[in-house]
Amino acid sequence: MHDIINWLVESIGAMGYPGIFILMAMESSVIPIPSEVVMPPAGYLVHAGKMDMLPVILSGTFGSLFGAYLNYFASHYLGRPLLLKYGKYVWITEEKFAKVETFFLRHGEISTFIGRLLPVVRHLISLPAGLAGMNHFKFSLYTLLGAGIWVTILTWIGYFIGSNQDLIMQYSHQAIIGVLILSALLVVIYIKMQPKKEDERG
């Protein structure tokens with residue numbers, strides 16, 4: 001693990017901010033590169049004084065938005081039949097897509113925010129949003145908020161761990177558990193708020 005982390009740190013350091021943008025765009029689209037192996041090493045480079053915190057977070061966050069829009073437009077213009085037909089070549093199975101679409105339909109547009117905080121769902125939630133033709137302002141806002149939170153958490157993990165590079169993946173996994181709990185609470189709060197809105201309309 002030490003050698004892998006060293007390689008990631010060196011690679012990200014060589015690619016710079018554009019590399020972070022590209023890798024997180026890939027992570028957010030149909031190429032599931034784990035963000036846990038991109039942002040913590042970048043955070044370590046901030047700790048080492050080789051990169052700056054704000055550009056790192058912005059590069060990761062806007063890279064995520066760019067990748068999300070690749071999925072959004074692909075699903076919007078291809079439609080469900082072609083998406084499912086060719087999706088299998090990039091690991092998008094019909095079963096996996098059905099689960100993400102159900103998640104989107106059940107929780108509404110806020111799911112594009114919550115989904116950014118969840119493993120697996122993160123790089124697929126933009127597909128049902130594209131099929132539904134979700135409003136671009138809301139899609140961008142929710143995606144940036146969710147991606148920004150996740151990117152910031154991972155970057156600070158790498159920063160605080162500092163020279164203890166072997167612990168990066170361990171703390172990233174702990175962060176996933178914490179974010180899952182937070183996401184579950186957000187879903188519960190959102191569901192609780194729905195009846196109140198309906199009552200107000202009535």
# chains A, B, ... in the order shown; residues from 1 in each chain; ligands from 1
>>> residues_around(residues="segment 110-118 of chain A", least_positions_apart="6", cutoff="6 Å", atoms="only C-alpha atoms", output="list in words")
Phe104, Tyr142, Thr143, Gly146, Ala147 and Ser183 of chain A
>>> residues_around(residues="segment 26-40 of chain A", least_positions_apart="2", cutoff="7 Å", atoms="only C-alpha atoms", output="ChimeraX atom specification")
/A:22-24,42-44,64,67-68,70-71,90,122-123,151,154-155,157-158,168-169,172
>>> atom_distance(atom1="atom CA of Asn135 of chain A", atom2="atom CA of Leu58 of chain A")
22.7 Å
>>> atom_distance(atom1="atom CA of Glu10 of chain A", atom2="atom CA of Tyr159 of chain A")
15.3 Å
>>> residues_around(residues="Tyr17 of chain A", least_positions_apart="2", cutoff="9 Å", atoms="only C-alpha atoms", output="PyMOL selection string")
chain A and resi 12-13+15+19-22+51+55-56+59-60
>>> closest_residue(among="A:Phe103, A:Phe139, A:Phe97, A:Trp150", to="Phe73 of chain A", atoms="only C-alpha atoms")
A:Phe139
>>> closest_residue(among="A:Leu83, A:Ile161, A:Tyr72, A:Leu78", to="Gly133 of chain A", atoms="only C-alpha atoms")
A:Tyr72
>>> residues_around(residues="Gly79 of chain A", least_positions_apart="3", cutoff="10 Å", atoms="only C-alpha atoms", output="list of chain:residue names")
A:Phe73, A:Ala74, A:Ser75, A:His76, A:Leu82, A:Leu83, A:Leu84, A:Leu127, A:Pro128, A:Gly130, A:Leu131, A:Ala132
>>> atom_distance(atom1="atom CA of Leu144 of chain A", atom2="atom CA of Val121 of chain A")
15.5 Å
